[in-house]
file structure.txt (compact mmCIF, C-alpha atoms)
# COMPACT_ATOMS: atom_id res chain seq x y z
CA MET A 17 0.00 0.00 0.00
CA THR A 18 1.34 3.45 -0.94
CA ALA A 19 1.91 5.67 2.09
CA ARG A 20 -0.31 8.72 2.36
CA SER A 21 1.48 11.91 1.37
CA LEU A 22 2.25 14.00 4.42
CA LYS A 23 2.48 17.03 2.17
CA HIS A 24 -1.23 16.68 1.52
CA LEU A 25 -2.07 16.32 5.22
CA PRO A 26 -3.59 19.71 6.20
CA LYS A 27 -1.68 21.27 9.07
CA ALA A 28 -1.06 24.48 10.98
CA HIS A 29 2.42 25.61 12.00
CA LEU A 30 2.41 26.89 15.58
CA HIS A 31 6.11 27.04 16.45
CA LEU A 32 8.31 29.08 14.15
CA HIS A 33 10.21 32.34 14.44
CA LEU A 34 9.85 34.76 11.57
CA GLU A 35 13.50 35.67 10.93
CA GLY A 36 14.60 32.12 11.72
CA SER A 37 12.35 30.92 8.90
CA MET A 38 14.03 33.08 6.25
CA ARG A 39 15.19 31.21 3.15
CA PRO A 40 18.97 30.61 3.16
CA GLN A 41 19.29 32.11 -0.32
CA THR A 42 17.44 35.23 0.83
CA LEU A 43 19.86 35.63 3.74
CA THR A 44 22.78 35.29 1.32
CA GLU A 45 21.26 37.89 -0.99
CA TYR A 46 20.67 40.37 1.83
CA CYS A 47 24.19 39.97 3.18
CA GLU A 48 25.71 40.52 -0.25
CA ARG A 49 23.48 43.54 -0.86
CA TYR A 50 24.44 45.25 2.40
CA ASN A 51 28.06 44.07 2.47
CA LEU A 52 27.55 42.00 5.63
CA ASP A 53 29.37 38.88 6.76
CA ARG A 54 26.98 36.01 6.17
CA PRO A 55 26.43 33.87 9.28
CA ASN A 56 27.74 30.34 9.00
CA ASP A 57 25.38 27.78 7.49
CA THR A 58 24.31 25.80 10.55
CA ARG A 59 21.68 23.56 8.94
CA GLY A 60 22.04 19.99 10.16
CA LYS A 61 24.87 20.90 12.53
CA GLN A 62 25.12 20.87 16.31
CA PHE A 63 25.24 24.13 18.22
CA SER A 64 27.73 24.26 21.08
CA ASN A 65 25.19 26.05 23.25
CA PHE A 66 22.14 28.30 23.09
CA LEU A 67 24.26 31.46 22.96
CA ALA A 68 25.93 30.20 19.77
CA PHE A 69 22.50 29.65 18.26
CA ASN A 70 21.33 33.09 19.36
CA ALA A 71 24.35 34.80 17.78
CA VAL A 72 23.51 33.31 14.38
CA TYR A 73 19.83 34.25 14.75
CA ARG A 74 20.66 37.86 15.57
CA ALA A 75 23.06 38.11 12.64
CA ALA A 76 20.33 36.86 10.31
CA SER A 77 17.85 39.37 11.75
CA GLU A 78 20.30 42.21 11.19
CA SER A 79 20.43 41.41 7.48
CA ILE A 80 16.87 42.77 7.20
CA ARG A 81 17.55 46.44 6.45
CA THR A 82 14.37 47.76 4.81
CA LYS A 83 10.64 47.38 5.15
CA GLU A 84 10.64 45.69 1.75
CA ASP A 85 13.15 43.13 3.07
CA LEU A 86 10.84 42.35 5.97
CA ALA A 87 7.74 42.08 3.78
CA ARG A 88 9.58 39.69 1.48
CA VAL A 89 10.48 37.42 4.42
CA ILE A 90 6.83 37.31 5.50
CA GLN A 91 5.72 36.36 2.00
CA GLU A 92 8.39 33.70 1.53
CA VAL A 93 7.65 32.12 4.91
CA ALA A 94 3.98 31.82 3.91
CA GLU A 95 4.88 30.45 0.46
CA ASP A 96 7.07 27.80 2.08
CA ALA A 97 4.27 26.93 4.51
CA ALA A 98 1.88 26.39 1.61
CA GLU A 99 4.45 24.11 -0.04
CA ASP A 100 4.51 22.06 3.19
CA GLY A 101 0.73 21.72 3.24
CA ALA A 102 0.07 24.30 5.97
CA THR A 103 -2.93 26.60 5.75
CA TRP A 104 -2.28 28.56 8.95
CA ILE A 105 0.96 29.77 10.58
CA GLU A 106 1.77 31.53 13.86
CA PRO A 107 5.24 33.07 13.51
CA ALA A 108 6.80 34.76 16.52
CA PHE A 109 7.70 38.38 15.83
CA ASP A 110 9.39 41.08 17.92
CA ALA A 111 8.71 44.56 16.53
CA ASP A 112 11.08 46.09 19.09
CA ARG A 113 13.98 44.57 17.16
CA TYR A 114 13.35 47.07 14.38
CA THR A 115 12.74 50.24 16.40
CA ILE A 116 16.28 50.72 17.71
CA LEU A 117 19.44 51.89 15.98
CA ARG A 118 21.67 48.87 15.49
CA ALA A 119 25.41 49.17 15.87
CA ASP A 120 26.14 48.25 12.27
CA SER A 121 23.16 50.02 10.70
CA PRO A 122 22.69 53.78 10.31
CA TYR A 123 18.91 53.59 10.43
CA LYS A 124 15.96 51.80 11.94
CA LEU A 125 12.92 50.45 10.16
CA PHE A 126 10.23 51.94 12.43
CA GLU A 127 9.96 54.81 14.87
CA THR A 128 7.69 52.88 17.22
CA SER A 129 6.62 49.30 17.82
CA GLU A 130 3.06 50.32 16.92
CA GLU A 131 4.31 51.38 13.50
CA GLY A 132 6.18 48.09 13.16
CA TRP A 133 3.10 46.05 13.97
CA ALA A 134 0.94 48.07 11.59
CA PHE A 135 3.40 47.32 8.81
CA VAL A 136 3.73 43.56 9.40
CA LEU A 137 -0.02 43.10 9.82
CA HIS A 138 -0.65 44.84 6.51
CA ALA A 139 2.10 42.76 4.88
CA ALA A 140 0.51 39.62 6.34
CA GLN A 141 -2.86 40.51 4.86
CA LEU A 142 -1.37 41.00 1.40
CA THR A 143 0.59 37.77 1.77
CA SER A 144 -2.48 35.80 2.82
CA GLU A 145 -4.34 37.05 -0.22
CA LYS A 146 -1.51 35.89 -2.48
CA THR A 147 -0.80 32.52 -0.84
CA GLY A 148 -4.04 31.43 0.82
CA VAL A 149 -2.14 30.87 4.08
CA GLY A 150 -3.59 32.56 7.16
CA ILE A 151 -1.10 34.33 9.43
CA GLY A 152 -1.59 35.05 13.11
CA PHE A 153 1.49 36.41 14.86
CA ILE A 154 2.77 35.61 18.32
CA SER A 155 3.94 38.84 19.95
CA ALA A 156 7.24 37.64 21.37
CA ILE A 157 8.86 38.92 24.54
CA ASP A 158 12.64 38.52 24.60
CA ARG A 159 13.32 37.27 28.10
CA THR A 160 16.91 38.60 28.04
CA ARG A 161 15.80 42.23 27.74
CA SER A 162 14.56 44.43 30.59
CA LEU A 163 11.43 43.57 32.53
CA LYS A 164 10.19 47.07 31.75
CA GLN A 165 10.32 46.23 28.06
CA ALA A 166 8.53 42.91 28.65
CA ILE A 167 5.67 44.68 30.40
CA ALA A 168 5.52 47.32 27.67
CA ARG A 169 5.36 44.62 25.00
CA ALA A 170 2.49 42.87 26.83
CA GLN A 171 0.61 46.15 27.23
CA LEU A 172 1.08 47.08 23.58
CA THR A 173 -0.18 43.65 22.54
CA SER A 174 -3.21 44.03 24.80
CA ASN A 175 -3.89 47.52 23.43
CA LEU A 176 -3.76 46.29 19.83
CA ILE A 177 -6.26 43.55 20.67
CA ALA A 178 -8.60 46.00 22.39
CA SER A 179 -8.43 48.59 19.61
CA LYS A 180 -9.22 46.00 16.92
CA SER A 181 -6.39 47.50 14.88
CA HIS A 182 -4.90 44.02 14.70
CA LEU A 183 -7.68 42.64 12.50
CA ILE A 184 -6.72 41.12 9.16
CA ASN A 185 -9.30 40.80 6.43
CA PRO A 186 -7.81 39.04 3.39
CA LYS A 187 -10.20 38.25 0.57
CA ASN A 188 -9.44 34.56 0.25
CA ILE A 189 -9.17 33.54 3.91
CA ASN A 190 -12.42 32.81 5.78
CA ASN A 191 -14.40 34.12 2.82
CA GLY A 192 -13.20 37.62 3.69
CA GLU A 193 -14.02 37.38 7.41
CA ALA A 194 -11.64 39.42 9.57
CA TYR A 195 -9.50 37.57 12.11
CA SER A 196 -6.90 38.40 14.72
CA GLY A 197 -3.53 39.32 13.31
CA ILE A 198 -1.96 38.82 16.75
CA VAL A 199 -3.07 35.59 18.39
CA GLY A 200 -0.54 34.95 21.15
CA LEU A 201 1.84 36.43 23.70
CA GLY A 202 5.14 34.55 23.69
CA LEU A 203 8.36 34.44 25.69
CA HIS A 204 11.57 33.31 24.06
CA GLY A 205 15.34 33.48 24.42
CA ASN A 206 17.87 31.88 26.74
CA GLU A 207 16.13 30.37 29.78
CA GLU A 208 19.27 30.50 31.90
CA GLY A 209 18.93 33.36 34.38
CA TYR A 210 15.47 34.33 33.10
CA PRO A 211 12.92 32.02 34.76
CA PRO A 212 9.14 32.30 34.23
CA GLU A 213 8.50 34.00 37.57
CA LEU A 214 10.15 37.20 36.28
CA PHE A 215 7.40 37.63 33.70
CA VAL A 216 4.28 37.15 35.81
CA LYS A 217 3.13 40.77 35.50
CA ALA A 218 3.58 40.78 31.71
CA PHE A 219 1.52 37.61 31.33
CA GLN A 220 -1.15 38.89 33.70
CA ILE A 221 -1.59 41.79 31.28
CA GLY A 222 -1.76 39.36 28.36
CA ALA A 223 -4.32 37.19 30.15
CA LYS A 224 -6.76 40.12 30.20
CA ALA A 225 -6.68 40.55 26.41
CA GLU A 226 -9.68 38.96 24.76
CA GLY A 227 -8.85 35.71 22.99
CA LEU A 228 -5.07 36.07 23.35
CA LEU A 229 -3.22 32.76 23.75
CA LEU A 230 -0.33 32.63 26.23
CA THR A 231 2.47 30.68 24.56
CA PRO A 232 5.79 30.94 26.46
CA HIS A 233 8.89 28.88 25.69
CA ALA A 234 9.79 26.63 28.60
CA GLY A 235 11.49 23.34 29.27
CA GLU A 236 13.71 23.54 26.19
CA ILE A 237 17.18 23.77 27.72
CA ALA A 238 17.45 23.41 31.49
CA PRO A 239 19.52 26.16 33.16
CA THR A 240 20.82 23.48 35.52
CA PRO A 241 20.33 19.68 35.37
CA GLY A 242 16.87 18.63 36.52
CA LYS A 243 15.40 22.14 36.29
CA GLY A 244 13.66 21.64 32.96
CA PRO A 245 10.40 20.40 34.49
CA ASP A 246 10.46 23.29 36.97
CA SER A 247 10.48 25.77 34.09
CA VAL A 248 7.49 24.07 32.47
CA GLU A 249 5.51 23.89 35.70
CA LYS A 250 6.07 27.57 36.44
CA ALA A 251 5.03 28.49 32.90
CA ILE A 252 1.74 26.73 33.66
CA ASP A 253 1.19 27.81 37.25
CA LEU A 254 2.60 31.37 37.13
CA LEU A 255 2.17 32.41 33.50
CA GLY A 256 -1.09 30.60 32.76
CA ALA A 257 0.26 29.01 29.57
CA SER A 258 -2.33 27.94 27.00
CA ARG A 259 0.38 26.22 24.99
CA ILE A 260 4.05 25.72 25.72
CA GLN A 261 6.64 26.13 23.02
CA HIS A 262 8.87 23.06 23.46
CA GLY A 263 8.10 21.86 27.01
CA VAL A 264 9.90 18.61 26.19
CA LEU A 265 11.84 18.40 29.46
CA ALA A 266 8.53 17.75 31.19
CA ILE A 267 9.27 14.13 30.27
CA GLU A 268 11.48 14.00 33.37
CA ASP A 269 8.52 14.43 35.76
CA GLU A 270 5.52 12.05 35.69
CA ALA A 271 3.40 14.28 37.95
CA LEU A 272 3.99 17.24 35.66
CA MET A 273 3.03 15.21 32.61
CA LYS A 274 -0.24 14.35 34.34
CA LYS A 275 -0.83 18.06 35.06
CA ILE A 276 -0.21 18.99 31.42
CA ARG A 277 -2.70 16.36 30.29
CA GLU A 278 -5.34 17.31 32.84
CA LYS A 279 -5.04 21.02 32.06
CA ASN A 280 -5.25 20.25 28.33
CA ILE A 281 -2.10 22.18 27.47
CA CYS A 282 -0.50 21.59 24.08
CA LEU A 283 3.27 21.25 23.64
CA ASP A 284 4.55 22.77 20.39
CA VAL A 285 7.39 20.33 19.77
CA CYS A 286 10.33 20.81 17.35
CA PRO A 287 12.27 17.51 17.17
CA SER A 288 15.22 18.56 15.00
CA SER A 289 15.80 21.73 17.01
CA ASN A 290 15.92 19.66 20.19
CA ILE A 291 18.55 17.35 18.73
CA GLN A 292 20.77 20.10 17.29
CA LEU A 293 20.69 22.00 20.58
CA SER A 294 21.61 18.76 22.39
CA VAL A 295 18.44 18.62 24.45
CA PHE A 296 18.34 14.92 23.49
CA PRO A 297 21.20 12.95 21.92
CA THR A 298 19.36 11.34 18.99
CA ILE A 299 15.99 11.43 17.30
CA LYS A 300 15.38 7.89 18.57
CA SER A 301 15.60 9.19 22.14
CA HIS A 302 13.21 12.09 21.56
CA PRO A 303 10.19 11.91 23.91
CA LEU A 304 7.46 12.85 21.43
CA PRO A 305 6.16 9.25 21.15
CA ARG A 306 6.01 9.04 24.95
CA PHE A 307 4.05 12.28 25.17
CA VAL A 308 1.60 10.94 22.58
CA GLU A 309 1.27 7.65 24.44
CA ALA A 310 0.63 9.57 27.69
CA GLY A 311 -2.29 11.40 26.07
CA ILE A 312 -0.58 14.81 25.97
CA ALA A 313 -1.54 17.03 23.05
CA CYS A 314 1.43 17.98 20.86
CA SER A 315 1.85 19.91 17.65
CA ILE A 316 4.87 19.73 15.35
CA GLY A 317 6.97 22.77 14.42
CA SER A 318 10.23 23.54 12.69
CA ASP A 319 11.32 26.33 15.08
CA ASP A 320 14.00 27.94 12.87
CA PRO A 321 14.48 26.13 9.54
CA LEU A 322 17.06 28.72 8.45
CA LEU A 323 19.31 27.61 11.30
CA PHE A 324 18.35 23.94 11.73
CA GLY A 325 17.46 22.92 8.18
CA PRO A 326 14.27 20.84 8.24
CA SER A 327 11.01 22.40 7.08
CA LEU A 328 7.65 21.66 8.67
CA LEU A 329 7.07 18.87 6.13
CA ASP A 330 10.55 17.48 6.85
CA GLU A 331 9.64 17.34 10.55
CA PHE A 332 6.44 15.43 9.79
CA ASN A 333 8.39 12.98 7.63
CA LEU A 334 10.96 12.59 10.40
CA CYS A 335 8.23 11.69 12.89
CA ARG A 336 6.89 9.05 10.53
CA GLU A 337 10.21 7.58 9.38
CA GLU A 338 12.40 7.83 12.48
CA MET A 339 9.88 7.75 15.33
CA LEU A 340 7.65 5.26 13.46
CA LEU A 341 4.47 7.20 14.20
CA ASP A 342 1.59 5.84 12.14
CA ASP A 343 -0.86 7.84 10.05
CA ASN A 344 -3.49 7.97 12.80
CA ILE A 345 -0.96 9.63 15.11
CA MET A 346 0.25 11.94 12.35
CA ALA A 347 -3.37 12.97 11.77
CA GLN A 348 -3.83 13.63 15.49
CA LEU A 349 -0.74 15.82 15.58
CA ALA A 350 -2.19 17.78 12.66
CA ARG A 351 -5.59 18.03 14.40
CA ASN A 352 -3.87 19.42 17.48
CA SER A 353 -2.20 22.09 15.36
CA PHE A 354 -5.63 23.43 14.39
CA ASN A 355 -7.48 22.78 17.65
CA TYR A 356 -4.91 24.60 19.80
CA SER A 357 -4.22 27.41 17.35
CA GLY A 358 -5.50 30.95 17.25
CA ALA A 359 -6.96 30.36 13.79
CA PRO A 360 -10.54 31.45 13.12
CA LYS A 361 -13.23 28.80 13.22
CA LYS A 362 -13.58 28.43 9.46
CA VAL A 363 -9.85 27.81 9.02
CA ARG A 364 -9.91 25.24 11.83
CA ASP A 365 -13.01 23.50 10.50
CA GLN A 366 -11.64 23.34 6.96
CA GLY A 367 -8.34 21.96 8.24
CA LEU A 368 -10.02 19.31 10.40
CA LYS A 369 -12.27 18.22 7.54
CA GLY A 370 -9.24 17.96 5.27
CA ILE A 371 -7.50 15.74 7.81
CA GLU A 372 -10.46 13.34 7.88
CA ASP A 373 -10.49 13.30 4.08
CA TRP A 374 -6.74 12.52 4.14
CA LEU A 375 -7.32 9.54 6.44
CA ASN A 376 -10.20 8.22 4.37
call {"tool": "encode", "arguments": {"input": "structure.txt", "output": "structure tokens"}}
result
Amino acid sequence: MTARSLKHLPKAHLHLHLEGSMRPQTLTEYCERYNLDRPNDTRGKQFSNFLAFNAVYRAASESIRTKEDLARVIQEVAEDAAEDGATWIEPAFDADRYTILRADSPYKLFETSEEGWAFVLHAAQLTSEKTGVGIGFISAIDRTRSLKQAIARAQLTSNLIASKSHLINPKNINNGEAYSGIVGLGLHGNEEGYPPELFVKAFQIGAKAEGLLLTPHAGEIAPTPGKGPDSVEKAIDLLGASRIQHGVLAIEDEALMKKIREKNICLDVCPSSNIQLSVFPTIKSHPLPRFVEAGIACSIGSDDPLLFGPSLLDEFNLCREEMLLDDNIMAQLARNSFNYSGAPKKVRDQGLKGIEDWLN
């Protein structure tokens, strides 16, 4: 019997970072255009630590020098998602990155974060009309910056939700029905020295915003051995996480796994990222099958394909071929990606129907 094509399995992509999803050839072009040193090609390679990963990510981000550069990245990320069979994506974006003068750049893209968000939301609407892929951003707090900035980011996100200025209304998504352009409040960056409890006030602000998902990173790389589960538990108990980006170190604590299941929290898992950052030694040792067996909802993401290599479709194929997950499990992972997303109802319903058609 011919295996079902995972490309044709409808899916949403809930764990990706916008700049980290840039095409390698686009990065090369930008660096040549602006006479920048191109970061090393790290696809398929191990990172020595999270700081080494972060240095490459920041260098890639700094290659985006104009608004047109940024709009192109948004469009190409959506085009690549469509090629992988995704109809909805939730890229993490930090507008603050483009409102400050960078050391090697004589200008900034936007005067304010509000201006930055207005631009990317408009670019997302145009992109959705061209590609048919819905885009709902996660407003990402960088945990390594000041707590004042984290609170300001949460308040800005809440204000955008309340003002309805975040609505996107592309003609070919939801039959023209407007939907939220910002669907989540995230927290990313090096966990070491920046535990969840520092960001309680910011996430309390986010929790008051109507319909906003709380999607912090946690339990990716433990600051000290055995502390991975602690990070996940605090993200749940203190930050009120709706989903957790990564969360894979929860596998070390049975009681925590039970809590995740009982609270119906989804883990947005990125297998290749976890291997290349040495969270687990091999794909065979990755805990995704154990989470599935334990009844914990998981979605599959690529995290940063520019840096790690595999696309969303590659990650799905990896789960089938290396973890030996059957089509019923692959379909459930795809269902989770819609059910736990910030996508509007019509997008979710169409995706779920497509998954049933794929199985039948």
call {"tool": "residues_around", "arguments": {"input": "structure.txt", "residues": "Ala98 in chain A", "least_positions_apart": "6", "cutoff": "8 Å", "atoms": "all atoms listed in the file", "output": "list in words"}}
result
Thr147, Gly148 and Val149 of chain A
call {"tool": "closest_residue", "arguments": {"input": "structure.txt", "among": "A:Gly101, A:Pro55, A:Gly370, A:Pro40", "to": "Leu22 in chain A", "atoms": "all atoms listed in the file"}}
result
A:Gly101
call {"tool": "closest_residue", "arguments": {"input": "structure.txt", "among": "A:Leu214, A:Ala76, A:Leu201, A:Val264", "to": "Ala238 in chain A", "atoms": "all atoms listed in the file"}}
result
A:Val264
call {"tool": "residues_around", "arguments": {"input": "structure.txt", "residues": "Leu272 in chain A", "least_positions_apart": "3", "cutoff": "10 Å", "atoms": "all atoms listed in the file", "output": "PyMOL selection string"}}
result
chain A and resi 245-246+248-249+252+266-269+275-278
call {"tool": "write_last_selection", "arguments": {"input": "structure.txt", "atoms": "C-alpha atoms", "output": "PDB file, in the frame of the given file"}}
result
ATOM      1  CA  PRO A 245      10.400  20.400  34.490  1.00  0.00           C
ATOM      2  CA  ASP A 246      10.460  23.290  36.970  1.00  0.00           C
ATOM      3  CA  VAL A 248       7.490  24.070  32.470  1.00  0.00           C
ATOM      4  CA  GLU A 249       5.510  23.890  35.700  1.00  0.00           C
ATOM      5  CA  ILE A 252       1.740  26.730  33.660  1.00  0.00           C
ATOM      6  CA  ALA A 266       8.530  17.750  31.190  1.00  0.00           C
ATOM      7  CA  ILE A 267       9.270  14.130  30.270  1.00  0.00           C
ATOM      8  CA  GLU A 268      11.480  14.000  33.370  1.00  0.00           C
ATOM      9  CA  ASP A 269       8.520  14.430  35.760  1.00  0.00           C
ATOM     10  CA  LYS A 275      -0.830  18.060  35.060  1.00  0.00           C
ATOM     11  CA  ILE A 276      -0.210  18.990  31.420  1.00  0.00           C
ATOM     12  CA  ARG A 277      -2.700  16.360  30.290  1.00  0.00           C
ATOM     13  CA  GLU A 278      -5.340  17.310  32.840  1.00  0.00           C
TER      14      GLU A 278
END
call {"tool": "residues_around", "arguments": {"input": "structure.txt", "residues": "range 180-196 of chain A", "least_positions_apart": "6", "cutoff": "12 Å", "atoms": "all atoms listed in the file", "output": "PyMOL selection string"}}
result
chain A and resi 103-104+106+130-155+172-174+225-229+357-367
call {"tool": "closest_atom_pairs", "arguments": {"input": "structure.txt", "of": "range 45-137 of chain A", "to": "range 309-317 of chain A", "cutoff": "12 Å", "atoms": "only C-alpha atoms", "output": "Markdown table"}}
result
| residue | atom | partner | partner_atom | distance |
| --- | --- | --- | --- | --- |
| A:Ala97 | CA | A:Gly317 | CA | 11.1 |
| A:Asp100 | CA | A:Gly317 | CA | 11.5 |
| A:Ala102 | CA | A:Gly317 | CA | 11.0 |
| A:Ile105 | CA | A:Gly317 | CA | 10.0 |
| A:Glu106 | CA | A:Gly317 | CA | 10.2 |
| A:Pro107 | CA | A:Gly317 | CA | 10.5 |
call {"tool": "write_last_selection", "arguments": {"input": "structure.txt", "atoms": "C-alpha atoms", "output": "PDB file, keeping the file's coordinate frame"}}
result
ATOM      1  CA  ALA A  97       4.270  26.930   4.510  1.00  0.00           C
ATOM      2  CA  ASP A 100       4.510  22.060   3.190  1.00  0.00           C
ATOM      3  CA  ALA A 102       0.070  24.300   5.970  1.00  0.00           C
ATOM      4  CA  ILE A 105       0.960  29.770  10.580  1.00  0.00           C
ATOM      5  CA  GLU A 106       1.770  31.530  13.860  1.00  0.00           C
ATOM      6  CA  PRO A 107       5.240  33.070  13.510  1.00  0.00           C
TER       7      PRO A 107
END
call {"tool": "axis_aligned_box", "arguments": {"input": "structure.txt", "around": "range 73-77 of chain A", "padding_each_side": "8 Å", "output": "JSON"}}
result
{"center_x": 20.5, "center_y": 36.8, "center_z": 12.9, "size_x": 21.2, "size_y": 21.1, "size_z": 21.3}
call {"tool": "closest_residue", "arguments": {"input": "structure.txt", "among": "A:Val199, A:Leu255, A:Leu125, A:Leu329", "to": "Asp96 in chain A", "atoms": "all atoms listed in the file"}}
result
A:Leu329
call {"tool": "residues_around", "arguments": {"input": "structure.txt", "residues": "Thr160 in chain A", "least_positions_apart": "5", "cutoff": "9 Å", "atoms": "all atoms listed in the file", "output": "ChimeraX atom specification"}}
result
/A:204-207,209-210
call {"tool": "atom_distance", "arguments": {"input": "structure.txt", "atom1": "CA of Arg161 in chain A", "atom2": "CA of Ile90 in chain A"}}
result
24.5 Å
call {"tool": "residues_around", "arguments": {"input": "structure.txt", "residues": "Pro232 in chain A", "least_positions_apart": "5", "cutoff": "6 Å", "atoms": "only C-alpha atoms", "output": "MDAnalysis selection string"}}
result
chainID A and resid 202:203 260:261
call {"tool": "atom_distance", "arguments": {"input": "structure.txt", "atom1": "CA of Leu52 in chain A", "atom2": "CA of Ala75 in chain A"}}
result
9.2 Å
call {"tool": "closest_residue", "arguments": {"input": "structure.txt", "among": "A:Asp158, A:Ser288, A:Thr231, A:His24", "to": "Gly325 in chain A", "atoms": "all atoms listed in the file"}}
result
A:Ser288
call {"tool": "closest_residue", "arguments": {"input": "structure.txt", "among": "A:Leu368, A:Glu45, A:Phe324, A:Gly244", "to": "Asp57 in chain A", "atoms": "only C-alpha atoms"}}
result
A:Phe324
call {"tool": "atom_distance", "arguments": {"input": "structure.txt", "atom1": "CA of Ser247 in chain A", "atom2": "CA of Ile281 in chain A"}}
result
14.7 Å
call {"tool": "closest_residue", "arguments": {"input": "structure.txt", "among": "A:Leu32, A:Val72, A:Leu163, A:Ala223", "to": "Val93 in chain A", "atoms": "all atoms listed in the file"}}
result
A:Leu32
